[in-house]
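K.L.:
Before we start, here is the structure in question, set down as structure tokens.
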Amino acid sequence: MKSRGKIWAWFFIILGILYFFLPLLATFIFSLKAKLGVLSFTAYVNVFNDPKFIRGFSGSLLWATLTILVGIILFVPTAYWVRLKVPRARSAIEFITLIPFVVPPIVYTFGLIRTYSHPPLLIVDNPMLLVAAYTIISMPYMYRAIDIGLRSIDVRTLTEAAQSLGAGWGTILFRIIIPNIRVAILNGAFLSFAIVLGEYILARYLVKPAFAPYMLDLGQNKAFEPAAAAVISFALTWACMGIISLVGRGREQAPVGGAH
Amino acid sequence: MRDAPQARPARTKRSWAWLGVVPFFAFTLLFLLYPSSTIVSKSFRDSGTGVFTLQNILALFKSPYILGAYWISIKISLITALSGAMFGFVLAYSAIRGNLPRFVRISLLTFCGVASNFAGVPLAFAFISLLSPSGLLISWIKLTGYNPYFHGFTLYTFWGLSLVYMYFQFPLMVLIIAPAIDGLRREWLEASQNLGASTSQYWRYVAFPILLPSLMGTTILLFGNAFGAFATAQALTGGQINLVTIVIGSELRGDVLGNPGIGYALALGMVVIMALAITGYTILQRRTERWLR
């Protein structure tokens with residue numbers, strides 16, 4: 001009876017593996033078929049040489065970097081200050097950080113564009129609006145990662161110790177708090193990176209160069225290159241998650257998230 | 001002679017600590033709360049005159065096009081949530097309690113972490129490579145002389161899209177349900193066996209009731225996960241499938257509904273459904289935590 005259970009367990013695991021790998025395998029094989037009759041990396045070469053790819057991809061890299069920076073600058077001091085001085089604001093802030101789960105990205109984009117495309121609030125063309133929006137979308141992951149990091153250190157004792165040695169707030173934040181929660185910050189950063197890199201809706205509707213919209217356009221007029229782009233995108237997602245589980249080794253919980 | 005000056009009451013020390021959270025609140029107010037609340041307020045206003053009205057909300061229920069979009073969105077979310085939850089659960093249970101080597105569990109959780117983050121445009125492309133008429137799997141099946149596309153199968157409509165959604169649904173289930181399965185103590189199984197319970201009795205009276213809130217909660221979360229999805233459907237069907245998210249997308253591109261007020265109401269409807277789902281998930285998850293640890 002026990003061995004029958006084990007056979008079923010293997011059966012489901014293998015089914016799961018097939019579901020997970022078959023689409024990826026198909027994409028990879030398809031991406032190699034750009035040259036008739038032989039398997040080649042032609043499609044990848046074509047993608048990397050496409051100026052639109054470079055524009056879209058470097059756009060995404062730029063948005064992701066800025067998003068992470070804004071996230072760190074805004075959320076680390078806030079989460080730190082809330083723990084130290086204003087615990088009363090805690091539940092309100094936690095509630096706000098969860099709102100992006102309730103407002104689907106397309107609805108959020110809709111509200112954002114409708115709000116900021118009329119004078120006097122005509123800022124819809126400003127690239128910083130996209131960065132702000134990405135910061136909001138990645139906030140549930142970034143803020144939570146930072147907050148969990150702060151929970152694991154003794155914020156009050158560290159602060160008081162630093163203050164009694166004459167440190168100012170800047171020194172405390174940059175030389176005590178941030179180095180102590182760098183793993184948590186890295187976690188949030190790579191998750192945000194993966195989210196921004198795969199994000200389609202905001203970049204498309206705010207008309208800014210990014211990887212996902214480029215990929216979709218590619219799909220409309222090419223056959224093999226989109227598959228190559230999908231493989232690149234998957235490899236990057238994999239790399240981000242891999243780095244997260246490397247830096248966060250010892251913790252069981254895998255990161256949960258994504259923009260669909 | 002003048003009286004001695006009265007002692008001044010000790011001034012209550014006014015704290016300025018709240019100033020430290022002002023940037024956060026200002027930022028979220030500008031870029032999250034205000035734009036989101038616009039959706040609520042504009043849903044209840046006439047887009048021409050700006051006076052209060054319920055017409056936009058009522059219009060949702062009058063239009064077969066919009067009702068159809070909600071119905072398809074709800075249907076696909078429900079189907080992929082239920083099947084994703086079931087498959088995800090047996091997968092997680094097999095890996096954790098199936099007496100399999102430990103690396104199976106670790107790699108499963110890692111794969112699921114990646115897969116639940118792999119969605120949108122590249123996911124659609126991956127399934128096109130696999131299941132389009134010239135896709136890998138279809139061409140393998142065609143070798144047997146059977147062409148699924150001649151027998152009603154197609155990737156680009158409802159069931160095809162459901163199959164694609166499953167790719168990010170069941171991994172999410174595995175990730176969230178794994179701690180709950182870990183929380184099922186082996187002692188409970190042993191105790192029920194000692195009392196003479198069969199496997200089915202153990203499941204019916206012990207394991208299932210304990211897991212139920214977290215199974216339900218996670219299924220609701222999966223529902224929300226599919227309900228808000230847009231890019232995957234857009235990339236796979238080119239916007240040909242009538243989901244609420246797709247309708248909002250086309251409304252944004254060029255007022256297809258003919259009345260901006262209805263667009264806001266349409267978006268509000270999504271937020272209401274999502275809020276119900278997330279609230280349900282939170283309540284059920286809190287009930288689960290009693291048993292964990």
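Labels used: A, B, ... for chains in the order of the structure tokens, numbers from 1 for residues in each chain, and numbers from 1 for ligands as shown.
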Find the nearest atom pair between each residue of chain B and chain A for residues within 7 Å, count only C-alpha atoms, give distances in Å to one decimal, sort rows by chain and ascending number, and present the table as a tab-separated table.

P.N.:
residue	atom	partner	partner_atom	distance
B:Ala17	CA	A:Lys85	CA	6.3
B:Trp18	CA	A:Val86	CA	6.4
B:Gly20	CA	A:Trp81	CA	6.6
B:Val21	CA	A:Thr78	CA	5.6
B:Phe24	CA	A:Leu74	CA	6.4
B:Phe31	CA	A:Ala133	CA	6.6
B:Leu32	CA	A:Ile136	CA	6.9
B:Pro35	CA	A:Gly111	CA	5.0
B:Ser36	CA	A:Gly111	CA	5.7
B:Thr38	CA	A:Gly111	CA	6.6
B:Ile39	CA	A:Gly111	CA	5.9
B:Leu91	CA	A:Phe12	CA	5.8
B:Ser94	CA	A:Ala9	CA	4.4
B:Ala95	CA	A:Ala9	CA	7.0
B:Gly98	CA	A:Ala9	CA	5.5
B:Asn99	CA	A:Lys6	CA	6.6
B:Leu109	CA	A:Ala254	CA	6.7
B:Thr110	CA	A:Ala254	CA	6.8
B:Gly113	CA	A:Ala254	CA	5.6
B:Val114	CA	A:Trp238	CA	6.0
B:Ser116	CA	A:Gly257	CA	6.7
B:Asn117	CA	A:Gly258	CA	4.6
B:Phe118	CA	A:Phe234	CA	6.9
B:Ala119	CA	A:His260	CA	5.1
B:Gly120	CA	A:His260	CA	4.8
B:Val121	CA	A:Leu216	CA	6.3
B:Pro122	CA	A:Ala230	CA	4.5
B:Phe125	CA	A:Ala227	CA	6.3
B:Ala126	CA	A:Pro23	CA	5.1
B:Phe127	CA	A:Pro23	CA	5.5
B:Ser129	CA	A:Thr27	CA	5.2
B:Leu130	CA	A:Ala26	CA	5.2
B:Leu136	CA	A:Ala26	CA	5.6
B:Leu175	CA	A:Ala254	CA	6.9
B:Gly228	CA	A:Pro104	CA	5.0
B:Ala229	CA	A:His260	CA	4.9
B:Phe230	CA	A:His260	CA	6.3
B:Ala231	CA	A:His260	CA	5.9
B:Thr232	CA	A:His260	CA	6.3
B:Ala235	CA	A:Leu216	CA	6.4
B:Thr245	CA	A:Ile106	CA	6.4
B:Gly249	CA	A:Ile106	CA	6.8
B:Leu252	CA	A:Phe110	CA	6.5
B:Ala267	CA	A:Val107	CA	5.7
B:Val271	CA	A:Val103	CA	5.5
B:Met274	CA	A:Val102	CA	5.2
B:Ala275	CA	A:Val102	CA	5.4
B:Ile278	CA	A:Val102	CA	6.8

K.L.:
What gap, in Å, lies between atom CA of A:Ala43 and atom CA of B:Tyr165?

P.N.:
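Pair atom CA of A:Ala43 / atom CA of B:Tyr165 returns 26.9 Å.
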
K.L.:
Could you please determine the separation between atom CA of B:Gly261 and atom CA of B:Arg45 in Å, to one decimal place?

P.N.:
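About the pair atom CA of B:Gly261 and atom CA of B:Arg45: they are 7.0 Å apart.
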
K.L.:
What does the structure give for the distance between atom CA of A:Pro120 and atom CA of B:Leu30, in Å to one decimal?

P.N.:
14.0 Å

K.L.:
Would you please extract all helix (DSSP H, G or I) residues from stretch 136-239 of chain B, as assigned by DSSP on the backbone, and give them as number ranges by chain?

P.N.:
B: 136-142, 148-151, 158-183, 186-194, 199-227, 231-237

K.L.:
Restricting the calculation to only C-alpha atoms: of A:Gly168, A:Arg83, A:Ile178, A:Glu225, which residue gets closest to A:Val45?

P.N.:
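Closest to A:Val45, using only C-alpha atoms: A:Glu225.
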
K.L.:
Find the spatial neighbours of B:Val40, counting only C-alpha atoms, within a cut-off of 8 Å - ignore same-chain residues fewer than 4 positions away - and output them as JSON, numbers by chain.

P.N.:
{"B": [36, 44, 264, 265, 268]}

K.L.:
For B:Pro209, which residue among B:Asn259, B:Ser73, B:Met166, B:Arg287 is the nearest when counting only C-alpha atoms?

P.N.:
B:Arg287

K.L.:
Residues within 8 Å of stretch 148-159 of chain B, please, as a list of chain:residue names. Count only C-alpha atoms; anything in the same chain fewer than 6 positions from it doesn't count.

P.N.:
B:Ile76, B:Ile128, B:Leu131, B:Ser132, B:Pro133, B:Ile138, B:Ile141, B:Lys142, B:Leu236, B:Thr237, B:Ile241

K.L.:
Could you write those residues out with C-alpha atoms, as an mmCIF file, in the first residue's frame?

P.N.:
data_model
loop_
_atom_site.group_PDB
_atom_site.id
_atom_site.type_symbol
_atom_site.label_atom_id
_atom_site.label_comp_id
_atom_site.auth_asym_id
_atom_site.auth_seq_id
_atom_site.Cartn_x
_atom_site.Cartn_y
_atom_site.Cartn_z
ATOM 1 C CA ILE B 76 -11.768 31.056 -16.621
ATOM 2 C CA ILE B 128 2.377 28.725 -29.045
ATOM 3 C CA LEU B 131 0.486 23.703 -29.004
ATOM 4 C CA SER B 132 -0.056 25.854 -32.095
ATOM 5 C CA PRO B 133 -0.951 23.931 -35.277
ATOM 6 C CA ILE B 138 0.935 18.902 -31.976
ATOM 7 C CA ILE B 141 0.661 13.876 -32.110
ATOM 8 C CA LYS B 142 0.134 14.375 -35.839
ATOM 9 C CA LEU B 236 -2.057 34.562 -26.948
ATOM 10 C CA THR B 237 -5.314 35.631 -28.561
ATOM 11 C CA ILE B 241 -11.031 36.795 -26.197
#

K.L.:
Find the spatial neighbours of B:Arg186, counting only C-alpha atoms, within a cut-off of 12 Å - ignore same-chain residues fewer than 4 positions away - and output them as an mmCIF file with C-alpha atoms, in the first residue's frame.

P.N.:
data_model
loop_
_atom_site.group_PDB
_atom_site.id
_atom_site.type_symbol
_atom_site.label_atom_id
_atom_site.label_comp_id
_atom_site.auth_asym_id
_atom_site.auth_seq_id
_atom_site.Cartn_x
_atom_site.Cartn_y
_atom_site.Cartn_z
ATOM 1 C CA ILE B 96 6.331 16.550 0.807
ATOM 2 C CA ARG B 97 4.574 13.445 2.111
ATOM 3 C CA ILE B 181 1.058 20.429 4.400
ATOM 4 C CA ASP B 182 4.183 20.714 6.516
ATOM 5 C CA GLU B 190 -0.181 7.770 13.742
ATOM 6 C CA ALA B 191 -2.749 8.601 16.412
ATOM 7 C CA SER B 192 -5.648 7.996 14.066
ATOM 8 C CA GLN B 193 -4.092 4.734 12.882
ATOM 9 C CA TYR B 202 -7.973 9.976 8.463
ATOM 10 C CA VAL B 206 -8.501 14.839 10.444
ATOM 11 C CA ALA B 207 -6.431 16.079 7.531
#

K.L.:
List the spatial neighbours of stretch 208-210 of chain A as a list of chain:residue names - criterion: any atom at most 10 Å away, only C-alpha atoms, same-chain residues fewer than 4 positions off excluded.

P.N.:
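Once the adjacent positions are removed, what remains is A:Lys52, A:Phe53, A:Ile54, A:Arg55, A:Gly56, A:Phe57, A:Ser58, A:Gly59, A:Ser60, A:Leu61, A:Leu62, A:Trp63, A:Asp125, A:Asn126, A:Pro127, A:Leu130, A:Val196, A:Leu197, A:Gly198, A:Glu199, A:Tyr200, A:Leu202, A:Ala203, A:Arg204, A:Tyr214, A:Met215.
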